[in-house]
>>> print(open('upload.txt').read())   # compact mmCIF, C-alpha atoms
# COMPACT_ATOMS: atom_id res chain seq x y z
CA MET A 1 10.82 -3.85 -21.21
CA ALA A 2 8.79 -6.43 -19.31
CA ASP A 3 11.45 -9.10 -19.93
CA SER A 4 14.16 -6.77 -18.62
CA LEU A 5 12.19 -6.02 -15.44
CA CYS A 6 11.52 -9.72 -14.88
CA GLN A 7 15.25 -10.42 -15.13
CA GLN A 8 16.02 -7.68 -12.63
CA LEU A 9 13.39 -8.92 -10.17
CA GLY A 10 14.17 -12.59 -10.72
CA VAL A 11 10.58 -13.48 -11.66
CA ASP A 12 8.79 -15.03 -14.62
CA TYR A 13 5.99 -12.49 -14.95
CA PRO A 14 5.98 -8.66 -14.58
CA ILE A 15 3.27 -8.74 -11.90
CA ILE A 16 3.79 -7.53 -8.33
CA GLN A 17 1.29 -8.25 -5.58
CA ALA A 18 1.02 -5.02 -3.61
CA PRO A 19 2.40 -5.03 -0.04
CA MET A 20 -0.87 -4.28 1.77
CA VAL A 21 -0.27 -3.94 5.52
CA GLY A 22 -3.03 -5.79 7.35
CA VAL A 23 -4.00 -7.81 4.27
CA SER A 24 -0.84 -9.26 2.76
CA THR A 25 0.64 -12.25 4.59
CA PRO A 26 3.68 -14.49 4.21
CA ALA A 27 1.33 -17.15 2.80
CA LEU A 28 -0.02 -14.76 0.15
CA ALA A 29 3.41 -13.43 -0.81
CA ALA A 30 4.86 -16.93 -1.03
CA ALA A 31 1.97 -18.24 -3.15
CA VAL A 32 2.36 -15.33 -5.59
CA SER A 33 6.13 -15.76 -5.80
CA ASN A 34 5.87 -19.52 -6.23
CA ALA A 35 3.51 -18.88 -9.14
CA GLY A 36 6.17 -16.81 -10.92
CA ALA A 37 5.16 -13.25 -9.99
CA LEU A 38 6.55 -11.11 -7.15
CA GLY A 39 4.84 -11.48 -3.78
CA SER A 40 5.12 -8.74 -1.18
CA ILE A 41 4.84 -8.27 2.57
CA GLY A 42 4.35 -4.90 4.25
CA LEU A 43 6.57 -4.05 7.22
CA GLY A 44 5.32 -0.49 7.73
CA ALA A 45 3.58 -1.48 10.96
CA SER A 46 6.35 -3.81 12.16
CA THR A 47 9.29 -3.55 14.51
CA PRO A 48 12.62 -4.89 13.21
CA GLU A 49 12.04 -8.10 15.19
CA GLN A 50 8.55 -8.54 13.75
CA GLY A 51 9.90 -7.77 10.29
CA ARG A 52 12.61 -10.38 10.62
CA ALA A 53 10.01 -12.96 11.68
CA ALA A 54 7.77 -12.10 8.69
CA ILE A 55 10.69 -12.41 6.26
CA ARG A 56 11.68 -15.78 7.69
CA GLN A 57 8.07 -17.01 7.63
CA THR A 58 7.88 -16.09 3.96
CA ARG A 59 11.23 -17.74 3.23
CA ALA A 60 9.98 -20.93 4.84
CA LEU A 61 7.23 -21.04 2.22
CA THR A 62 9.17 -20.02 -0.91
CA ASP A 63 12.69 -19.95 -2.28
CA LYS A 64 11.64 -17.36 -4.86
CA PRO A 65 12.22 -13.57 -4.66
CA PHE A 66 9.71 -11.45 -2.75
CA ASN A 67 9.34 -7.78 -1.89
CA VAL A 68 9.49 -6.13 1.54
CA ASN A 69 7.79 -2.73 1.80
CA LEU A 70 8.65 0.16 4.16
CA PHE A 71 6.92 3.44 5.10
CA CYS A 72 9.15 6.50 4.61
CA HIS A 73 6.81 9.21 5.93
CA GLN A 74 7.95 12.23 7.87
CA PRO A 75 7.62 11.44 11.61
CA ALA A 76 4.73 13.16 13.41
CA THR A 77 5.51 16.53 15.00
CA PHE A 78 2.81 16.09 17.66
CA ASP A 79 0.91 19.26 16.85
CA HIS A 80 -1.17 19.18 20.04
CA ALA A 81 -3.66 21.84 18.97
CA ARG A 82 -4.45 19.94 15.77
CA ASN A 83 -4.51 16.52 17.42
CA ASP A 84 -6.61 17.61 20.40
CA ALA A 85 -9.15 19.26 18.10
CA TRP A 86 -9.52 15.96 16.26
CA LEU A 87 -10.01 14.02 19.48
CA ARG A 88 -12.77 16.39 20.53
CA HIS A 89 -14.37 16.03 17.12
CA VAL A 90 -14.55 12.23 17.18
CA ALA A 91 -15.41 11.88 20.88
CA PRO A 92 -19.20 11.74 20.19
CA LEU A 93 -18.67 8.70 17.96
CA PHE A 94 -17.01 6.84 20.83
CA ALA A 95 -19.89 7.82 23.10
CA GLN A 96 -22.31 6.04 20.77
CA PHE A 97 -20.64 2.78 21.80
CA ASP A 98 -20.31 3.59 25.53
CA ALA A 99 -16.60 4.22 25.07
CA THR A 100 -14.29 7.15 25.75
CA ALA A 101 -12.05 8.64 23.10
CA PRO A 102 -8.29 8.37 23.76
CA THR A 103 -6.76 11.32 25.58
CA ALA A 104 -3.33 10.82 24.00
CA LEU A 105 -2.23 9.63 20.58
CA ASN A 106 0.50 7.15 19.72
CA GLU A 107 2.79 7.07 16.70
CA ILE A 108 1.87 3.51 15.85
CA TYR A 109 3.93 3.35 12.63
CA LYS A 110 7.60 4.31 12.86
CA SER A 111 9.07 5.82 9.72
CA PHE A 112 11.84 3.79 8.11
CA GLN A 113 13.73 7.06 7.69
CA ASP A 114 14.04 7.16 11.49
CA ASP A 115 14.73 3.44 12.04
CA PRO A 116 18.36 2.39 11.49
CA ALA A 117 17.65 -0.86 13.34
CA MET A 118 15.23 -1.83 10.54
CA LEU A 119 17.93 -1.03 7.98
CA ASP A 120 20.43 -3.25 9.80
CA MET A 121 17.92 -6.10 9.96
CA LEU A 122 17.18 -5.89 6.24
CA LEU A 123 20.87 -5.83 5.34
CA GLU A 124 21.28 -8.98 7.44
CA GLU A 125 18.25 -10.80 6.02
CA LYS A 126 18.78 -9.59 2.43
CA PRO A 127 15.31 -9.92 0.89
CA ALA A 128 15.50 -9.83 -2.90
CA VAL A 129 13.48 -6.61 -3.20
CA VAL A 130 12.81 -3.66 -0.87
CA SER A 131 10.27 -0.97 -1.72
CA PHE A 132 9.45 2.46 -0.27
CA HIS A 133 6.14 4.26 0.26
CA PHE A 134 5.49 7.92 1.25
CA GLY A 135 9.02 9.01 0.42
CA VAL A 136 12.59 7.83 -0.06
CA PRO A 137 15.38 7.16 2.43
CA SER A 138 18.79 8.76 2.11
CA THR A 139 20.96 8.09 -0.92
CA ASP A 140 23.41 6.39 1.43
CA TRP A 141 20.78 3.92 2.65
CA VAL A 142 19.59 3.19 -0.90
CA GLY A 143 23.20 2.63 -1.90
CA ARG A 144 23.71 0.17 0.95
CA PHE A 145 20.76 -1.88 -0.31
CA LYS A 146 22.29 -1.95 -3.79
CA GLN A 147 25.67 -2.99 -2.41
CA ALA A 148 23.94 -5.86 -0.61
CA GLY A 149 22.37 -7.03 -3.88
CA ILE A 150 18.86 -5.88 -2.92
CA PHE A 151 16.75 -4.42 -5.73
CA THR A 152 14.84 -1.26 -4.74
CA LEU A 153 11.44 0.09 -5.79
CA GLY A 154 9.88 3.43 -4.87
CA CYS A 155 6.30 4.66 -5.14
CA ALA A 156 5.63 7.96 -6.94
CA THR A 157 2.38 9.86 -7.54
CA THR A 158 4.00 12.60 -9.68
CA LEU A 159 6.92 12.91 -12.07
CA ALA A 160 8.75 15.09 -9.53
CA GLU A 161 8.55 12.32 -6.91
CA ALA A 162 9.72 9.76 -9.47
CA GLN A 163 12.74 11.91 -10.30
CA LEU A 164 13.63 12.23 -6.61
CA LEU A 165 13.52 8.45 -6.32
CA GLU A 166 15.69 8.03 -9.40
CA GLN A 167 18.20 10.59 -8.11
CA ALA A 168 18.44 8.67 -4.83
CA GLY A 169 19.40 5.53 -6.75
CA VAL A 170 16.09 3.65 -6.58
CA GLN A 171 16.07 1.13 -9.43
CA ALA A 172 12.40 1.12 -10.52
CA ILE A 173 9.39 3.39 -9.98
CA VAL A 174 5.90 2.27 -8.96
CA ALA A 175 3.63 4.87 -10.58
CA GLN A 176 0.57 4.99 -8.31
CA GLY A 177 -2.49 6.47 -10.00
CA GLN A 178 -5.28 7.99 -7.93
CA GLU A 179 -7.39 4.91 -8.74
CA ALA A 180 -5.30 2.78 -6.36
CA GLY A 181 -6.63 1.40 -3.11
CA GLY A 182 -5.01 2.09 0.23
CA HIS A 183 -2.79 5.01 1.11
CA ARG A 184 -1.66 7.49 -1.49
CA GLY A 185 2.12 7.44 -1.73
CA VAL A 186 2.49 11.24 -1.79
CA PHE A 187 5.70 12.54 -0.25
CA ASP A 188 4.08 15.74 1.07
CA ASP A 189 0.81 14.92 2.84
CA ARG A 190 -0.21 18.49 3.64
CA PRO A 191 -3.74 19.41 2.48
CA GLY A 192 -3.86 20.35 -1.20
CA GLN A 193 -0.48 18.83 -2.09
CA ASP A 194 -1.80 15.61 -3.70
CA ALA A 195 -2.11 16.12 -7.47
CA GLN A 196 -4.37 13.03 -7.72
CA ILE A 197 -3.15 12.18 -11.22
CA GLY A 198 -4.87 9.23 -12.88
CA LEU A 199 -2.79 6.24 -13.88
CA PHE A 200 -3.22 6.76 -17.64
CA ALA A 201 -1.54 10.16 -17.56
CA LEU A 202 0.87 9.34 -14.72
CA VAL A 203 2.51 6.37 -16.40
CA ARG A 204 3.09 8.38 -19.56
CA LEU A 205 4.54 11.31 -17.60
CA ILE A 206 6.88 9.19 -15.53
CA ALA A 207 7.92 6.84 -18.34
CA SER A 208 8.86 9.91 -20.39
CA GLY A 209 10.76 11.56 -17.56
CA VAL A 210 12.93 8.84 -15.97
CA GLN A 211 15.41 6.25 -17.24
CA VAL A 212 14.50 3.44 -14.84
CA PRO A 213 11.65 0.91 -15.33
CA VAL A 214 8.12 2.05 -14.46
CA ILE A 215 5.56 -0.22 -12.76
CA ALA A 216 1.91 0.81 -13.12
CA ALA A 217 -0.37 0.65 -10.05
CA GLY A 218 -3.98 1.66 -9.62
CA GLY A 219 -7.19 0.01 -10.81
CA ILE A 220 -5.46 -2.83 -12.69
CA MET A 221 -7.46 -6.01 -12.12
CA ASP A 222 -6.98 -8.28 -15.13
CA GLY A 223 -4.90 -9.07 -18.19
CA ALA A 224 -6.48 -6.29 -20.21
CA GLY A 225 -5.28 -3.78 -17.64
CA ILE A 226 -1.79 -5.25 -17.71
CA LYS A 227 -1.60 -4.97 -21.49
CA ALA A 228 -2.90 -1.40 -21.36
CA ALA A 229 -0.14 -0.50 -18.88
CA TRP A 230 2.46 -1.89 -21.30
CA GLN A 231 1.05 0.27 -24.08
CA LEU A 232 1.45 3.33 -21.85
CA GLY A 233 5.13 2.60 -21.28
CA ALA A 234 5.11 0.51 -18.10
CA SER A 235 7.43 -2.47 -17.76
CA GLY A 236 5.16 -4.18 -15.24
CA VAL A 237 2.21 -3.75 -12.90
CA GLN A 238 1.50 -3.77 -9.18
CA MET A 239 -1.90 -5.09 -8.14
CA GLY A 240 -3.40 -4.95 -4.65
CA THR A 241 -7.19 -5.05 -4.65
CA ALA A 242 -7.06 -7.94 -7.13
CA PHE A 243 -5.51 -10.14 -4.40
CA ILE A 244 -7.71 -9.18 -1.43
CA LEU A 245 -10.23 -11.98 -2.00
CA CYS A 246 -7.52 -14.65 -2.23
CA PRO A 247 -7.89 -17.14 0.64
CA GLU A 248 -4.25 -16.51 1.60
CA SER A 249 -4.90 -12.84 2.41
CA ALA A 250 -5.69 -11.61 5.92
CA ALA A 251 -8.76 -9.63 4.82
CA SER A 252 -11.58 -9.86 7.35
CA ALA A 253 -14.88 -11.58 6.61
CA GLU A 254 -16.57 -8.15 6.61
CA HIS A 255 -14.04 -6.80 4.10
CA ARG A 256 -14.59 -9.77 1.80
CA THR A 257 -18.37 -9.46 2.06
CA ALA A 258 -18.21 -5.76 1.23
CA LEU A 259 -16.02 -6.42 -1.83
CA ASN A 260 -18.63 -8.91 -3.04
CA SER A 261 -21.46 -6.39 -2.65
CA ALA A 262 -22.66 -3.19 -4.29
CA ARG A 263 -20.37 -1.31 -1.90
CA ALA A 264 -17.45 -2.26 -4.15
CA TYR A 265 -18.67 0.37 -6.62
CA ASP A 266 -18.24 3.17 -4.06
CA THR A 267 -14.58 3.75 -3.24
CA ARG A 268 -13.48 7.17 -2.03
CA LEU A 269 -10.42 9.00 -0.85
CA THR A 270 -10.36 10.10 2.78
CA SER A 271 -7.83 11.49 5.24
CA ALA A 272 -10.15 11.03 8.21
CA ILE A 273 -9.01 7.48 8.91
CA SER A 274 -5.25 7.85 9.23
CA GLY A 275 -4.41 11.51 8.65
CA ARG A 276 -3.20 10.70 5.12
CA SER A 277 -5.29 10.37 1.99
CA ALA A 278 -6.29 6.78 1.28
CA ARG A 279 -8.89 5.04 -0.89
CA GLY A 280 -11.27 2.41 0.36
CA LEU A 281 -14.86 1.25 0.61
CA ALA A 282 -16.86 4.18 1.96
CA ASN A 283 -18.39 3.73 5.42
CA ARG A 284 -18.92 5.77 8.59
CA LEU A 285 -15.17 6.42 8.88
CA TYR A 286 -15.41 8.62 5.80
CA LEU A 287 -16.37 11.60 7.92
CA GLU A 288 -16.09 14.15 5.11
CA ALA A 289 -19.37 12.89 3.64
CA SER A 290 -21.42 13.61 6.75
CA GLN A 291 -19.37 16.32 8.46
CA PRO A 292 -18.19 18.84 5.86
CA GLN A 293 -17.03 21.29 8.54
CA MET A 294 -14.76 18.81 10.27
CA PRO A 295 -11.33 20.01 11.46
CA LEU A 296 -8.07 18.84 9.95
CA PRO A 297 -7.56 15.21 11.02
CA ALA A 298 -4.80 14.45 13.47
CA GLU A 299 -1.35 13.85 12.00
CA TYR A 300 -0.44 10.59 10.32
CA PRO A 301 -0.21 8.02 11.83
CA LEU A 302 -1.73 9.47 15.01
CA ALA A 303 -5.20 9.69 13.47
CA TYR A 304 -4.96 6.00 12.63
CA ASP A 305 -4.51 5.27 16.33
CA VAL A 306 -7.87 6.97 16.93
CA ALA A 307 -9.57 5.14 14.05
CA LYS A 308 -8.38 1.77 15.26
CA ALA A 309 -9.62 2.53 18.77
CA LEU A 310 -13.01 3.55 17.38
CA HIS A 311 -13.27 0.38 15.32
CA THR A 312 -12.43 -1.69 18.41
CA ALA A 313 -15.14 0.07 20.44
CA ALA A 314 -17.74 -0.29 17.68
CA SER A 315 -16.96 -3.93 16.86
CA ALA A 316 -17.24 -4.81 20.55
CA LYS A 317 -20.89 -3.74 20.20
CA GLY A 318 -21.33 -5.73 16.98
CA CYS A 319 -20.92 -2.73 14.66
CA HIS A 320 -18.40 -3.01 11.80
CA ASP A 321 -19.16 0.36 10.21
CA PHE A 322 -15.79 1.81 11.26
CA ALA A 323 -13.39 -0.71 9.69
CA ALA A 324 -10.71 0.50 7.30
CA GLN A 325 -11.51 -1.52 4.19
CA TRP A 326 -9.02 -0.38 1.58
CA ALA A 327 -9.84 -0.99 -2.09
CA GLY A 328 -9.17 0.61 -5.46
CA GLN A 329 -11.59 1.75 -8.14
CA GLY A 330 -11.43 -1.64 -9.85
CA ALA A 331 -12.86 -3.36 -6.76
CA PRO A 332 -15.96 -4.79 -8.48
CA LEU A 333 -13.62 -6.84 -10.70
CA ALA A 334 -11.97 -8.68 -7.78
CA ARG A 335 -12.01 -12.46 -8.03
CA ALA A 336 -12.05 -14.95 -5.16
CA LEU A 337 -9.32 -17.26 -6.44
CA PRO A 338 -6.32 -18.85 -4.74
CA ALA A 339 -3.31 -16.63 -5.34
CA ALA A 340 -1.50 -19.08 -7.61
CA GLU A 341 -4.63 -19.58 -9.71
CA LEU A 342 -5.14 -15.82 -9.96
CA VAL A 343 -1.58 -15.34 -11.22
CA ARG A 344 -2.13 -18.12 -13.77
CA VAL A 345 -5.35 -16.50 -15.02
CA LEU A 346 -3.72 -13.06 -15.21
CA VAL A 347 -0.87 -14.45 -17.29
CA GLU A 348 -3.28 -16.24 -19.63
CA GLU A 349 -5.32 -13.03 -20.00
CA MET A 350 -2.32 -10.84 -20.72
CA ARG A 351 -1.17 -13.34 -23.34
CA GLY A 352 -4.61 -13.20 -24.93
CA ARG A 353 -5.46 -16.86 -24.32
CA ILE A 354 -8.63 -16.13 -22.30
>>> encode(input="upload.txt", output="structure tokens")
Amino acid sequence: MADSLCQQLGVDYPIIQAPMVGVSTPALAAAVSNAGALGSIGLGASTPEQGRAAIRQTRALTDKPFNVNLFCHQPATFDHARNDAWLRHVAPLFAQFDATAPTALNEIYKSFQDDPAMLDMLLEEKPAVVSFHFGVPSTDWVGRFKQAGIFTLGCATTLAEAQLLEQAGVQAIVAQGQEAGGHRGVFDDRPGQDAQIGLFALVRLIASGVQVPVIAAGGIMDGAGIKAAWQLGASGVQMGTAFILCPESAASAEHRTALNSARAYDTRLTSAISGRSARGLANRLYLEASQPQMPLPAEYPLAYDVAKALHTAASAKGCHDFAAQWAGQGAPLARALPAAELVRVLVEEMRGRI
């Protein structure tokens, strides 16, 4: 199964570096792809023009296939009662840093489902692989990617989501266990809708319920994890936290320091940062821990606009307690290696040579 997936992706090894917006870079993606795995860049926060530039920057560094990731969330409805209640709730935190909370929220991430200009750009640039998070675009759009020779991946956190992706024509499923760092890929982000299935069970459920290849994601940090995913029925793996400490990533110095500390053992899920459930290194942004009666966070990605503003205000005063430092449950196993060296070590480990 792994050999078949490698052939479809055009890579030597069934390892995908996760497309972490804010952490992945053209340099990281290119280094991973040049080493024989599949590098990725995240365009969820990009305009079509910025996306085109990122693709071309990556192409300047590698002639190998790489993955381009898109956010397919439902656009915000601008529920003013909900959003205003959240602004009032976080206002005292801004006051601690002599700052004022925003009075209006911006939809900082445009959904790919509402961005035909991004589709046109991708069909022009033709990256080898395009992947989807938070949902799936129309069957017509997926079909246009296939007609252009672009391989498609879609993230699923349940069997039902995986089947929707398969029905839309997506060619492989990334099964994201609740161990994974960063945002949960759930299609329906309403409270209580995330099943939070662990990777062990999820891979078995999805591999038994779809006909397309399954790629395991969540807590996989080394060759032993890769081999375990194969045993569960996965054809390959997607790894994010494992690549954060690579020098080619854009992780901040504070993020790297935290991953190298005891804090790496404390990752939690929170919706207080962006409005969607996401796992990272717990800090003062994880408001559920200290404020159990907090209101429903503002809608995604509007809440993220607030969190970024709060981090800016705090960091201006020398406080980095409000940074979004995404990481999965395997964070303590992260290794500070150049990306190509990390891929080499992972391959040696999965082959049982280390």
>>> closest_residue(input="upload.txt", among="A:Pro338, A:Gly51, A:Gly318, A:Pro19", to="Ala35 (chain A)", atoms="only C-alpha atoms")
A:Pro338
>>> residues_near_point(input="upload.txt", point="(0.8, 7.1, -9.3)", cutoff="10 Å", atoms="only C-alpha atoms", output="number ranges by chain")
A: 155-159, 161-162, 173-180, 184-186, 195-203, 206, 215-218
>>> residues_near_point(input="upload.txt", point="(10.7, -12.5, 12.8)", cutoff="12 Å", atoms="all atoms listed in the file", output="list in words")
Pro26, Leu43, Ser46, Thr47, Pro48, Glu49, Gln50, Gly51, Arg52, Ala53, Ala54, Ile55, Arg56, Gln57, Thr58, Arg59, Ala60, Met118, Met121, Leu122 and Glu125 of chain A
>>> residues_around(input="upload.txt", residues="Ile220 (chain A)", least_positions_apart="2", cutoff="12 Å", atoms="all atoms listed in the file", output="MDAnalysis selection string")
chainID A and resid 15:18 176:181 199:200 215:218 222:230 236:243 327:334 346 350
>>> closest_residue(input="upload.txt", among="A:Val343, A:Phe145, A:Pro213, A:Gly233", to="Gln7 (chain A)", atoms="all atoms listed in the file")
A:Pro213
>>> closest_residue(input="upload.txt", among="A:Leu281, A:Ala298, A:Ile273, A:Ala264", to="Ala81 (chain A)", atoms="all atoms listed in the file")
A:Ala298
>>> atom_distance(input="upload.txt", atom1="CA of Asn83 (chain A)", atom2="CA of His311 (chain A)")
18.5 Å
>>> residues_around(input="upload.txt", residues="Ala31 (chain A)", least_positions_apart="2", cutoff="9 Å", atoms="only C-alpha atoms", output="list in words")
Pro26, Ala27, Leu28, Ala29, Ser33, Asn34, Ala35, Gly36, Gly39, Leu61, Thr62, Glu248, Pro338, Ala339 and Ala340 of chain A
>>> closest_residue(input="upload.txt", among="A:Ala309, A:Ile150, A:Ala168, A:Val23", to="Val68 (chain A)", atoms="all atoms listed in the file")
A:Ile150
>>> residues_around(input="upload.txt", residues="Gly275 (chain A)", least_positions_apart="4", cutoff="9 Å", atoms="only C-alpha atoms", output="number ranges by chain")
A: 189, 270-271, 296-304
>>> atom_distance(input="upload.txt", atom1="CA of Val170 (chain A)", atom2="CA of Glu107 (chain A)")
27.0 Å
>>> closest_residue(input="upload.txt", among="A:Ala99, A:Val136, A:Leu87, A:Ala262", to="Gln74 (chain A)", atoms="all atoms listed in the file")
A:Val136
>>> closest_residue(input="upload.txt", among="A:Asp3, A:Ala76, A:Phe322, A:Ala85", to="Arg284 (chain A)", atoms="only C-alpha atoms")
A:Phe322
>>> atom_distance(input="upload.txt", atom1="CA of Ala316 (chain A)", atom2="CA of Leu105 (chain A)")
20.8 Å
>>> residues_around(input="upload.txt", residues="Asp114 (chain A)", least_positions_apart="6", cutoff="10 Å", atoms="only C-alpha atoms", output="PyMOL selection string")
chain A and resi 72-75+137
>>> residues_around(input="upload.txt", residues="Leu245 (chain A)", least_positions_apart="5", cutoff="10 Å", atoms="only C-alpha atoms", output="NGL selection string")
:A and (23 or 250-253 or 255-257 or 259-260 or 334-339)
>>> axis_aligned_box(input="upload.txt", around="region 244-256 of chain A", padding_each_side="6 Å", output="lines of an AutoDock Vina configuration file")
center_x = -10.4
center_y = -12.0
center_z = 2.6
size_x = 24.3
size_y = 22.3
size_z = 21.6
>>> decode(input="upload.txt", residues="region 96-114 of chain A", atoms="C-alpha atoms", output="tab-separated table (two decimals), in the first residue's frame")
chain	number	residue	atom	x	y	z
A	96	GLN	CA	-3.33	44.22	31.48
A	97	PHE	CA	-1.02	45.38	28.69
A	98	ASP	CA	-2.38	48.95	28.41
A	99	ALA	CA	-4.19	48.01	25.21
A	100	THR	CA	-7.80	48.13	24.06
A	101	ALA	CA	-9.60	45.11	22.69
A	102	PRO	CA	-10.74	45.37	19.05
A	103	THR	CA	-14.26	46.70	18.55
A	104	ALA	CA	-14.76	44.80	15.28
A	105	LEU	CA	-13.58	41.42	14.07
A	106	ASN	CA	-12.11	40.52	10.70
A	107	GLU	CA	-12.43	37.28	8.75
A	108	ILE	CA	-8.69	36.90	8.40
A	109	TYR	CA	-8.82	33.50	6.64
A	110	LYS	CA	-11.02	33.23	3.55
A	111	SER	CA	-12.51	29.80	2.94
A	112	PHE	CA	-11.36	28.11	-0.25
A	113	GLN	CA	-15.00	27.15	-0.82
A	114	ASP	CA	-15.70	30.86	-1.34
